[in-house]
$ cat target-v2.cif   # mmCIF, C-alpha atoms
data_model
#
loop_
_atom_site.label_atom_id
_atom_site.label_comp_id
_atom_site.auth_asym_id
_atom_site.auth_seq_id
_atom_site.Cartn_x
_atom_site.Cartn_y
_atom_site.Cartn_z
CA MET A 1 52.52 103.11 142.58
CA ILE A 2 50.22 102.21 139.72
CA THR A 3 49.68 104.91 137.07
CA LYS A 4 46.20 106.12 136.16
CA LYS A 5 46.38 104.35 132.83
CA GLU A 6 47.49 101.13 134.50
CA LEU A 7 44.65 101.45 137.01
CA ALA A 8 42.13 101.75 134.19
CA LYS A 9 43.51 98.59 132.63
CA THR A 10 42.82 96.66 135.86
CA ILE A 11 39.12 97.49 135.81
CA ASP A 12 36.39 95.19 134.52
CA HIS A 13 33.54 97.71 134.29
CA THR A 14 30.72 95.65 135.76
CA TYR A 15 27.00 95.98 135.02
CA LEU A 16 24.91 93.13 136.43
CA LYS A 17 21.75 94.95 137.51
CA ILE A 18 18.70 92.74 137.16
CA GLN A 19 16.68 95.73 135.94
CA GLY A 20 19.36 96.89 133.53
CA ASN A 21 18.30 98.68 130.37
CA ASP A 22 19.87 99.37 126.97
CA MET A 23 20.40 103.11 127.57
CA GLU A 24 22.50 102.46 130.66
CA ILE A 25 24.44 99.74 128.87
CA LYS A 26 25.36 102.17 126.09
CA ALA A 27 26.59 104.64 128.72
CA ILE A 28 28.59 101.90 130.46
CA CYS A 29 30.33 100.97 127.19
CA TYR A 30 31.08 104.60 126.44
CA GLU A 31 32.63 105.02 129.91
CA ALA A 32 34.78 101.94 129.41
CA ILE A 33 36.10 103.23 126.08
CA TYR A 34 36.67 106.75 127.43
CA TYR A 35 38.57 105.66 130.55
CA GLY A 36 40.37 102.75 128.92
CA PHE A 37 38.99 99.99 131.13
CA ALA A 38 39.98 96.36 130.54
CA SER A 39 36.48 95.13 129.82
CA VAL A 40 32.76 95.52 130.30
CA ALA A 41 31.33 92.64 132.36
CA VAL A 42 27.68 91.74 131.84
CA HIS A 43 25.14 88.92 131.89
CA PRO A 44 25.08 86.73 128.76
CA THR A 45 21.82 88.27 127.43
CA ILE A 46 23.66 91.59 127.17
CA VAL A 47 26.84 90.22 125.53
CA PRO A 48 25.57 90.71 121.93
CA LEU A 49 24.81 94.42 122.48
CA VAL A 50 28.07 95.08 124.34
CA SER A 51 30.01 93.17 121.69
CA LYS A 52 28.56 95.45 119.02
CA LEU A 53 29.25 98.64 121.01
CA LEU A 54 32.84 97.68 121.83
CA ARG A 55 33.76 96.53 118.31
CA ASP A 56 37.09 97.94 117.08
CA THR A 57 38.02 99.18 120.56
CA PRO A 58 40.57 97.66 122.95
CA VAL A 59 37.87 97.12 125.60
CA LYS A 60 36.99 93.45 125.96
CA VAL A 61 33.60 91.79 126.36
CA CYS A 62 33.35 89.86 129.63
CA ALA A 63 30.51 87.44 130.41
CA ALA A 64 29.28 86.48 133.88
CA LEU A 65 28.70 82.73 133.66
CA SER A 66 27.00 80.07 135.84
CA PHE A 67 25.69 83.09 137.71
CA PHE A 68 25.40 83.44 140.59
CA SER A 69 25.17 80.11 142.37
CA GLY A 70 27.50 78.19 140.08
CA ARG A 71 25.09 75.28 140.42
CA TYR A 72 24.54 73.89 136.99
CA PRO A 73 25.31 70.48 135.51
CA LEU A 74 28.62 70.62 133.66
CA GLU A 75 26.96 70.21 130.24
CA ILE A 76 24.81 73.29 130.90
CA LYS A 77 27.79 75.31 132.17
CA LEU A 78 29.82 74.49 129.05
CA TYR A 79 26.86 75.17 126.77
CA GLU A 80 26.40 78.61 128.34
CA ILE A 81 30.11 79.39 127.89
CA LYS A 82 30.10 78.36 124.22
CA ASP A 83 26.96 80.41 123.63
CA ALA A 84 28.58 83.49 125.19
CA ILE A 85 31.70 83.02 123.06
CA SER A 86 29.59 82.76 119.91
CA ASN A 87 27.97 86.07 120.88
CA GLY A 88 31.34 87.80 121.20
CA ALA A 89 32.56 87.28 124.77
CA THR A 90 36.34 86.94 125.05
CA GLU A 91 36.59 87.15 128.83
CA LEU A 92 34.76 84.40 130.67
CA ASP A 93 34.06 84.67 134.41
CA MET A 94 32.54 81.40 135.56
CA VAL A 95 31.30 80.62 139.08
CA MET A 96 32.79 77.30 140.13
CA SER A 97 30.72 74.47 141.59
CA VAL A 98 31.19 75.33 145.25
CA ASP A 99 29.27 72.22 146.30
CA LEU A 100 31.99 70.05 144.74
CA VAL A 101 34.53 71.78 146.97
CA LYS A 102 32.32 71.36 150.05
CA GLU A 103 31.96 67.64 149.28
CA LYS A 104 35.70 67.38 148.55
CA LYS A 105 35.00 66.03 145.05
CA TYR A 106 38.18 67.61 143.73
CA ASP A 107 38.46 65.23 140.81
CA LEU A 108 35.13 66.55 139.51
CA LEU A 109 36.23 70.14 140.16
CA GLU A 110 39.37 69.48 138.17
CA LYS A 111 37.26 68.06 135.33
CA GLU A 112 35.10 71.20 135.37
CA PHE A 113 38.13 73.50 135.22
CA LYS A 114 39.83 71.43 132.50
CA GLU A 115 36.71 71.51 130.32
CA PHE A 116 36.36 75.25 130.98
CA ALA A 117 39.98 75.87 129.99
CA LYS A 118 39.46 73.80 126.83
CA VAL A 119 36.33 75.66 125.75
CA GLY A 120 37.95 79.00 126.59
CA LYS A 121 41.24 78.29 124.83
CA GLY A 122 42.73 81.47 123.38
CA LEU A 123 40.38 83.60 125.45
CA THR A 124 40.60 84.75 129.08
CA THR A 125 39.19 82.31 131.62
CA LYS A 126 38.44 83.31 135.19
CA VAL A 127 37.12 81.00 137.89
CA ILE A 128 35.01 82.60 140.62
CA LEU A 129 35.59 80.98 144.01
CA GLU A 130 32.95 82.85 146.07
CA THR A 131 35.52 83.20 148.85
CA CYS A 132 33.01 84.26 151.52
CA LEU A 133 31.68 80.68 151.47
CA LEU A 134 35.03 78.91 151.65
CA THR A 135 37.50 77.93 154.35
CA ARG A 136 41.14 78.90 153.95
CA GLU A 137 42.03 75.37 152.86
CA GLU A 138 39.23 75.33 150.29
CA LYS A 139 40.38 78.64 148.79
CA ILE A 140 43.94 77.31 148.48
CA LYS A 141 42.80 74.02 146.96
CA ALA A 142 40.53 75.69 144.40
CA CYS A 143 43.35 78.06 143.38
CA GLU A 144 45.83 75.21 143.02
CA ILE A 145 43.47 73.21 140.85
CA ALA A 146 42.66 76.27 138.72
CA LYS A 147 46.36 76.89 138.17
CA SER A 148 47.10 73.27 137.28
CA CYS A 149 44.26 73.29 134.73
CA GLY A 150 45.58 76.35 132.92
CA ILE A 151 42.86 78.78 134.01
CA ASN A 152 43.99 82.39 133.49
CA PHE A 153 42.53 84.04 136.62
CA VAL A 154 41.16 83.12 139.99
CA LYS A 155 38.49 85.56 141.10
CA THR A 156 37.15 86.19 144.58
CA SER A 157 33.41 86.78 144.33
CA THR A 158 30.21 87.15 142.34
CA GLY A 159 29.31 90.29 144.29
CA PHE A 160 25.86 88.85 144.99
CA LYS A 161 26.59 87.45 148.41
CA GLU A 162 27.24 89.28 151.68
CA GLY A 163 31.00 89.01 151.40
CA GLY A 164 33.15 90.42 148.63
CA ALA A 165 36.87 90.80 148.08
CA THR A 166 39.09 91.15 151.12
CA VAL A 167 42.76 92.09 151.28
CA GLU A 168 43.40 88.88 153.19
CA ASP A 169 41.79 86.66 150.54
CA VAL A 170 43.56 88.41 147.68
CA MET A 171 46.91 88.02 149.44
CA LEU A 172 46.21 84.33 150.00
CA MET A 173 45.18 83.79 146.39
CA ARG A 174 48.22 85.66 145.07
CA LYS A 175 50.54 83.70 147.35
CA THR A 176 48.96 80.41 146.23
CA VAL A 177 49.02 80.96 142.48
CA GLY A 178 52.36 82.81 142.27
CA SER A 179 53.28 85.96 140.38
CA THR A 180 52.30 85.23 136.79
CA MET A 181 48.70 83.99 137.05
CA GLY A 182 45.80 86.43 137.19
CA VAL A 183 44.05 87.33 140.43
CA LYS A 184 40.79 89.25 140.12
CA ALA A 185 39.06 90.82 143.08
CA SER A 186 35.37 91.68 142.96
CA GLY A 187 32.54 92.52 145.32
CA ASN A 188 32.49 95.53 147.66
CA ILE A 189 35.15 97.52 145.81
CA ARG A 190 33.47 100.88 145.89
CA ASN A 191 36.16 103.57 145.84
CA TRP A 192 39.81 104.36 145.15
CA ASN A 193 40.88 103.40 148.70
CA ASP A 194 39.31 99.95 148.33
CA ALA A 195 40.85 99.52 144.89
CA LYS A 196 44.29 100.68 146.03
CA ALA A 197 44.35 98.24 148.95
CA ILE A 198 43.15 95.35 146.79
CA ILE A 199 45.73 96.04 144.07
CA GLU A 200 48.51 96.35 146.65
CA ALA A 201 47.36 93.00 148.07
CA GLY A 202 48.09 91.43 144.70
CA ALA A 203 45.04 91.74 142.46
CA ASN A 204 45.82 92.63 138.85
CA ARG A 205 42.17 92.88 137.87
CA ILE A 206 39.19 94.28 139.76
CA GLY A 207 35.52 93.83 139.06
CA THR A 208 33.51 96.85 140.12
CA SER A 209 30.56 98.98 139.08
CA SER A 210 32.28 101.98 140.67
CA GLY A 211 34.99 102.25 138.01
CA VAL A 212 34.24 105.85 137.09
CA ASN A 213 34.34 107.02 140.72
CA ILE A 214 37.58 105.15 141.27
CA MET A 215 39.22 106.81 138.28
CA LYS A 216 38.01 110.25 139.33
CA ALA A 217 39.34 109.79 142.87
CA TYR A 218 42.71 108.35 141.80
CA THR A 219 45.80 110.00 143.28
CA LYS A 220 49.40 108.91 142.76
CA MET B 1 -8.86 75.90 155.74
CA ASN B 2 -7.47 73.18 157.98
CA ASN B 3 -3.78 72.73 158.76
CA THR B 4 -3.12 70.20 156.01
CA GLU B 5 -4.82 72.33 153.38
CA PHE B 6 -2.85 75.38 154.58
CA GLU B 7 0.47 73.51 154.37
CA ARG B 8 -0.38 72.51 150.82
CA LYS B 9 -0.23 76.15 149.81
CA PHE B 10 3.50 76.35 150.35
CA ILE B 11 6.65 75.77 148.37
CA THR B 12 10.08 76.11 149.89
CA SER B 13 13.52 75.80 148.40
CA ILE B 14 17.13 74.82 148.95
CA LEU B 15 19.07 76.60 146.23
CA GLU B 16 22.12 77.73 148.14
CA THR B 17 25.43 77.89 146.29
CA GLU B 18 27.17 75.69 148.82
CA ALA B 19 24.39 73.18 149.62
CA THR B 20 25.75 69.64 149.78
CA HIS B 21 23.82 66.39 149.31
CA LYS B 22 23.86 65.93 153.08
CA GLU B 23 22.36 69.37 153.69
CA VAL B 24 19.72 68.90 151.00
CA GLU B 25 18.76 65.54 152.45
CA LYS B 26 18.49 66.97 155.96
CA PHE B 27 16.36 69.84 154.69
CA ILE B 28 14.03 67.63 152.68
CA GLU B 29 13.56 65.24 155.58
CA LYS B 30 12.53 68.20 157.73
CA CYS B 31 10.06 69.31 155.01
CA LYS B 32 8.49 65.86 154.89
CA LYS B 33 6.93 66.47 158.29
CA TYR B 34 4.55 68.85 156.50
CA ASN B 35 2.17 68.43 153.61
CA LEU B 36 3.90 70.98 151.36
CA TYR B 37 3.07 71.52 147.71
CA GLY B 38 6.70 71.08 146.76
CA ILE B 39 10.37 71.84 147.14
CA ALA B 40 12.58 73.74 144.71
CA VAL B 41 16.09 72.45 144.05
CA ASP B 42 18.78 73.15 141.48
CA LEU B 43 18.98 71.17 138.24
CA ASP B 44 21.70 68.89 139.56
CA TYR B 45 19.62 67.84 142.58
CA ILE B 46 16.36 66.94 140.81
CA VAL B 47 16.99 63.18 140.75
CA PHE B 48 18.23 63.21 144.35
CA ALA B 49 15.19 65.16 145.55
CA LYS B 50 12.75 62.95 143.64
CA LYS B 51 14.18 59.89 145.36
CA LEU B 52 13.89 61.49 148.79
CA LEU B 53 10.31 62.56 148.11
CA GLU B 54 9.16 59.18 146.85
CA GLY B 55 5.94 58.15 148.54
CA THR B 56 4.94 61.75 149.27
CA SER B 57 2.76 63.94 147.06
CA MET B 58 5.31 66.76 147.11
CA LYS B 59 6.43 68.09 143.77
CA VAL B 60 10.00 68.69 142.67
CA ILE B 61 10.42 72.16 141.29
CA THR B 62 13.52 73.53 139.65
CA VAL B 63 14.69 76.86 138.24
CA ALA B 64 16.08 78.37 135.05
CA SER B 65 18.46 81.33 134.89
CA TYR B 66 17.74 81.99 138.53
CA PRO B 67 17.52 84.54 140.07
CA ASN B 68 19.14 87.12 137.79
CA GLY B 69 17.50 86.25 134.49
CA GLY B 70 20.78 86.89 132.73
CA MET B 71 20.95 83.76 130.62
CA THR B 72 20.11 83.62 126.94
CA THR B 73 17.04 81.88 125.51
CA LYS B 74 19.14 79.02 124.12
CA VAL B 75 20.62 78.26 127.53
CA LYS B 76 17.25 78.50 129.31
CA VAL B 77 15.76 76.13 126.73
CA ALA B 78 18.64 73.71 127.45
CA GLN B 79 17.83 73.95 131.17
CA ILE B 80 14.14 73.24 130.57
CA LYS B 81 14.99 70.19 128.45
CA TYR B 82 17.43 69.00 131.11
CA ALA B 83 14.80 69.43 133.81
CA ILE B 84 12.32 67.37 131.76
CA LYS B 85 14.93 64.66 131.27
CA MET B 86 15.60 64.51 135.02
CA GLY B 87 11.89 64.32 135.79
CA ALA B 88 11.19 67.64 137.53
CA ASP B 89 7.50 68.47 137.85
CA GLU B 90 7.85 72.23 137.46
CA ILE B 91 10.36 74.82 136.39
CA ASP B 92 10.36 78.48 137.41
CA ALA B 93 12.01 80.50 134.67
CA CYS B 94 13.34 84.02 134.84
CA LEU B 95 12.58 86.28 131.89
CA ASN B 96 14.78 88.65 129.89
CA TYR B 97 14.43 91.57 132.30
CA ASN B 98 16.89 93.67 130.33
CA ALA B 99 14.68 93.42 127.24
CA LEU B 100 11.58 94.06 129.34
CA LYS B 101 12.97 97.21 130.98
CA SER B 102 14.28 98.40 127.61
CA GLY B 103 10.85 98.07 125.99
CA ARG B 104 11.92 95.32 123.60
CA PHE B 105 8.70 93.37 124.00
CA ASP B 106 9.20 91.29 120.86
CA ASP B 107 12.40 89.93 122.39
CA VAL B 108 10.55 89.17 125.63
CA LYS B 109 7.82 87.40 123.65
CA ASN B 110 10.28 85.35 121.56
CA ASP B 111 12.12 84.28 124.71
CA MET B 112 8.82 83.20 126.28
CA ASN B 113 7.65 81.38 123.15
CA LYS B 114 10.85 79.35 122.85
CA MET B 115 10.69 78.39 126.53
CA ALA B 116 7.02 77.40 126.21
CA ASP B 117 7.86 75.30 123.14
CA ALA B 118 10.62 73.54 125.05
CA ALA B 119 8.37 72.83 128.02
CA GLU B 120 5.51 71.52 125.85
CA ASP B 121 3.23 69.65 128.23
CA LYS B 122 6.14 67.71 129.73
CA ILE B 123 6.81 70.10 132.61
CA LYS B 124 4.81 72.85 134.26
CA LEU B 125 6.45 76.09 133.18
CA ILE B 126 6.15 79.15 135.39
CA PHE B 127 7.40 82.57 134.31
CA ILE B 128 8.79 85.02 136.83
CA PRO B 129 7.97 88.60 135.78
CA GLN B 130 9.79 90.11 138.83
CA PHE B 131 6.99 92.57 139.67
CA ALA B 132 9.19 94.34 142.22
CA ILE B 133 11.24 95.98 139.44
CA LEU B 134 8.35 96.73 137.07
CA THR B 135 5.95 99.62 136.57
CA ASN B 136 2.27 98.69 136.65
CA GLU B 137 2.16 99.00 132.87
CA GLU B 138 5.09 96.62 132.53
CA LYS B 139 3.45 94.17 134.94
CA ILE B 140 0.32 94.03 132.79
CA LYS B 141 2.36 93.82 129.59
CA VAL B 142 4.37 90.86 130.83
CA CYS B 143 1.26 89.01 132.03
CA ASP B 144 -0.32 89.61 128.62
CA LEU B 145 2.74 88.28 126.81
CA SER B 146 2.90 85.28 129.11
CA ILE B 147 -0.69 84.24 128.45
CA ARG B 148 -0.22 84.72 124.71
CA ALA B 149 2.88 82.52 124.84
CA GLY B 150 0.69 79.81 126.30
CA CYS B 151 1.98 80.06 129.85
CA ASN B 152 -0.77 80.93 132.29
CA VAL B 153 1.16 80.60 135.53
CA ILE B 154 3.39 83.31 136.86
CA LYS B 155 5.40 83.67 140.04
CA THR B 156 5.50 87.29 141.14
CA ASN B 157 9.18 87.57 142.11
CA THR B 158 12.32 85.52 142.66
CA GLY B 159 12.60 86.46 146.32
CA TYR B 160 16.20 87.41 147.24
CA GLY B 161 15.02 90.80 148.46
CA TYR B 162 12.46 91.25 145.67
CA ASN B 163 9.27 91.22 147.70
CA THR B 164 5.65 90.72 146.71
CA ILE B 165 2.96 93.23 147.59
CA VAL B 166 -0.65 92.16 147.94
CA GLU B 167 -1.75 94.93 145.56
CA ASP B 168 0.09 93.25 142.68
CA ILE B 169 -1.72 89.97 143.23
CA LEU B 170 -5.06 91.76 143.48
CA MET B 171 -4.34 93.65 140.24
CA ALA B 172 -3.32 90.54 138.31
CA LYS B 173 -6.31 88.52 139.52
CA ARG B 174 -8.70 91.44 138.87
CA ILE B 175 -7.50 91.83 135.28
CA TYR B 176 -6.99 88.18 134.32
CA GLY B 177 -9.15 86.24 136.76
CA SER B 178 -8.86 82.50 136.31
CA ASP B 179 -6.93 82.99 133.03
CA LEU B 180 -3.81 83.57 135.11
CA GLU B 181 -2.57 81.55 138.06
CA VAL B 182 -0.45 83.70 140.36
CA GLU B 183 2.15 82.21 142.66
CA ALA B 184 3.64 84.57 145.22
CA SER B 185 7.28 84.74 146.20
CA GLY B 186 9.36 87.20 148.16
CA GLY B 187 8.85 88.68 151.59
CA CYS B 188 6.31 86.25 153.02
CA ARG B 189 7.57 85.47 156.49
CA THR B 190 4.58 85.11 158.78
CA ARG B 191 1.27 83.28 158.89
CA GLU B 192 -0.53 86.60 158.79
CA GLN B 193 1.25 87.70 155.61
CA ALA B 194 0.56 84.30 154.07
CA LYS B 195 -3.16 84.55 154.76
CA GLN B 196 -3.30 88.03 153.19
CA ILE B 197 -1.49 86.79 150.10
CA LEU B 198 -3.73 83.74 149.75
CA ASN B 199 -6.86 85.82 150.25
CA ALA B 200 -5.69 88.13 147.47
CA GLY B 201 -5.88 85.16 145.11
CA SER B 202 -2.42 83.64 145.10
CA SER B 203 -2.47 79.89 144.38
CA VAL B 204 0.67 79.04 146.29
CA ILE B 205 3.38 80.84 148.28
CA HIS B 206 7.15 80.41 147.97
CA THR B 207 8.97 81.10 151.19
CA SER B 208 12.28 80.29 152.81
CA THR B 209 10.93 80.75 156.34
CA ILE B 210 8.61 77.78 155.95
CA PHE B 211 9.20 76.20 159.35
CA ASN B 212 8.53 79.50 161.12
CA ILE B 213 5.20 79.85 159.37
CA LEU B 214 3.97 76.29 159.74
CA GLN B 215 4.96 75.28 163.22
#

$ encode --input "target-v2.cif" --output "structure tokens"
Amino acid sequence: MITKKELAKTIDHTYLKIQGNDMEIKAICYEAIYYGFASVAVHPTIVPLVSKLLRDTPVKVCAALSFFSGRYPLEIKLYEIKDAISNGATELDMVMSVDLVKEKKYDLLEKEFKEFAKVGKGLTTKVILETCLLTREEKIKACEIAKSCGINFVKTSTGFKEGGATVEDVMLMRKTVGSTMGVKASGNIRNWNDAKAIIEAGANRIGTSSGVNIMKAYTK
Amino acid sequence: MNNTEFERKFITSILETEATHKEVEKFIEKCKKYNLYGIAVDLDYIVFAKKLLEGTSMKVITVASYPNGGMTTKVKVAQIKYAIKMGADEIDACLNYNALKSGRFDDVKNDMNKMADAAEDKIKLIFIPQFAILTNEEKIKVCDLSIRAGCNVIKTNTGYGYNTIVEDILMAKRIYGSDLEVEASGGCRTREQAKQILNAGSSVIHTSTIFNILQ
């Protein structure tokens, strides 16, 4: 079973509240440093502050990109990613263009992922599938294309729709991408039981705003 | 107000993550049976929507950093310029809510100014203060900043669970009168609610349950 330290390193401490304020953000960053989380995940407007607060610590700065619909022209998506990188983001969670999947325009999806991988070279790229909107075949296809384009992680959800991460989806994604690629689960992971099940299903990263509770409730 | 005039007070939208061209077309065709003010679509569907709405007087509205308001000024400016290039009539832009809730009003103002500069007179820019998450003081502050930035149209909320209360419209209209146009969005689901909101001084109502209200 995963150790407490290992558990901490799977957590992207997530803060995406629309009414977020600076005081809370400072507390979030402190928590991430104290517990040893992998990163703090925030909206791009908050990346500069988080980048400053996490300087000289092992906690990474993660940006939520193309949020939350994923519906932006490619040039805008790439511009947003570059802007976040210039502000200090080194982990990039981008919502994919789900409409391209629905219209089976997989060549355009591949182009999007390739450009994303290029812009994010040397950093950590994660593609958000929004699994609750996809069929089984679509999830598999998106994962396969992400893998072939050199994306670092496939991620289940934005957390802003009804459905979040499920054990079933994580198992499918892990099976599809194999053992070395990253699988991140996010959305509806609220406690240690949820986290445990998701990690056992194959996720090596979890996006949650309940990181502190999860760490406190951890048992071997 | 007759039926046609009533219909003209409404804007609806198709901004779903998974919406395909086929679904957008079907939706717009359904909307064309009414005399709506306009339809909101994502940036990548502006041209498509304009074509479908040719021959009608319905406006094409789009959105920037919607609905979370988490994007930086630079990226919102890029979206406004893109929307102008594609020929959208209006753009509803989310503000920097983090700065607003943290009391960094200069940052809010700078964000607004840059967006207003980008919009120039080439597109109707509407700011979304998100009244549902603000104190009354913050609501007045953001309206003040908006007018000073040269944008005199606000949309109360983004919707998505952030609902508009009639009191907020009454307050804004009482304080600013005709200096501020107030569009309402969020929580308007029935004819009765719509009439209350319009009577309070709202210029137009955004709703997703448009067919329920108008049939």

$ resolve_selection --input "target-v2.cif" --expression "the PyMOL selection byres ((chain A) within 6 of (chain B))" --output "VMD selection string"
chain A and resid 18 to 22 43 to 45 69 73 80 98 to 99

$ residues_around --input "target-v2.cif" --residues "range 1-17 of chain A" --least-positions-apart "2" --cutoff "6 Å" --atoms "only C-alpha atoms" --output "number ranges by chain"
A: 19-20, 36-42, 204-209

$ atom_distance --input "target-v2.cif" --atom1 "CA of Phe160 in chain A" --atom2 "CA of Ser97 in chain A"
15.6 Å

$ atom_distance --input "target-v2.cif" --atom1 "CA of Met215 in chain A" --atom2 "CA of Lys175 in chain A"
27.3 Å

$ atom_distance --input "target-v2.cif" --atom1 "CA of Lys105 in chain A" --atom2 "CA of Ala185 in chain A"
25.2 Å

$ closest_residue --input "target-v2.cif" --among "B:Lys114, B:Lys155, B:Arg189, B:Lys26" --to "Thr209 in chain B" --atoms "only C-alpha atoms"
B:Arg189

$ resolve_selection --input "target-v2.cif" --expression "the PyMOL selection byres ((chain B and resi 125) around 8)" --output "PyMOL selection string"
chain B and resi 90-93+116+119+123-124+126-127+151+153

$ resolve_selection --input "target-v2.cif" --expression "the PyMOL selection byres ((chain B and resi 197-204) around 6)" --output "JSON, numbers by chain"
{"B": [9, 10, 166, 170, 182, 183, 194, 195, 196, 205]}

$ residues_around --input "target-v2.cif" --residues "Asp169 in chain A" --least-positions-apart "2" --cutoff "12 Å" --atoms "all atoms listed in the file" --output "number ranges by chain"
A: 129-140, 143, 154-157, 163-167, 171-176, 183-186, 197-198, 201-203

$ build_atoms --input "target-v2.cif" --residues "range 112-118 of chain B" --atoms "all heavy atoms" --output "compact mmCIF listing (two decimals), keeping the file's coordinate frame"
# COMPACT_ATOMS: atom_id res chain seq x y z
N MET B 112 9.90 83.96 125.64
CA MET B 112 8.82 83.20 126.28
C MET B 112 8.34 82.07 125.37
O MET B 112 8.14 80.94 125.84
CB MET B 112 7.64 84.13 126.56
CG MET B 112 7.83 85.07 127.71
SD MET B 112 6.36 86.12 127.79
CE MET B 112 6.52 86.79 129.43
N ASN B 113 8.15 82.39 124.09
CA ASN B 113 7.65 81.38 123.15
C ASN B 113 8.58 80.17 123.06
O ASN B 113 8.14 79.02 123.08
CB ASN B 113 7.49 81.98 121.74
CG ASN B 113 6.22 82.80 121.63
OD1 ASN B 113 5.30 82.63 122.42
ND2 ASN B 113 6.18 83.69 120.66
N LYS B 114 9.89 80.45 122.97
CA LYS B 114 10.85 79.35 122.85
C LYS B 114 10.85 78.49 124.12
O LYS B 114 10.99 77.28 124.04
CB LYS B 114 12.26 79.89 122.58
CG LYS B 114 12.38 80.57 121.20
CD LYS B 114 13.57 80.04 120.41
CE LYS B 114 13.44 80.34 118.94
NZ LYS B 114 13.70 81.77 118.63
N MET B 115 10.71 79.15 125.26
CA MET B 115 10.69 78.39 126.53
C MET B 115 9.42 77.55 126.60
O MET B 115 9.45 76.38 127.02
CB MET B 115 10.78 79.34 127.72
CG MET B 115 12.18 79.89 127.93
SD MET B 115 12.42 80.52 129.61
CE MET B 115 11.75 82.17 129.45
N ALA B 116 8.29 78.14 126.18
CA ALA B 116 7.02 77.40 126.21
C ALA B 116 7.08 76.21 125.26
O ALA B 116 6.60 75.12 125.59
CB ALA B 116 5.87 78.33 125.85
N ASP B 117 7.70 76.41 124.09
CA ASP B 117 7.86 75.30 123.14
C ASP B 117 8.69 74.18 123.76
O ASP B 117 8.38 73.00 123.58
CB ASP B 117 8.55 75.78 121.86
CG ASP B 117 7.62 76.60 120.98
OD1 ASP B 117 6.40 76.57 121.22
OD2 ASP B 117 8.12 77.29 120.06
N ALA B 118 9.74 74.55 124.45
CA ALA B 118 10.62 73.54 125.05
C ALA B 118 9.91 72.77 126.17
O ALA B 118 10.12 71.57 126.33
CB ALA B 118 11.87 74.21 125.60
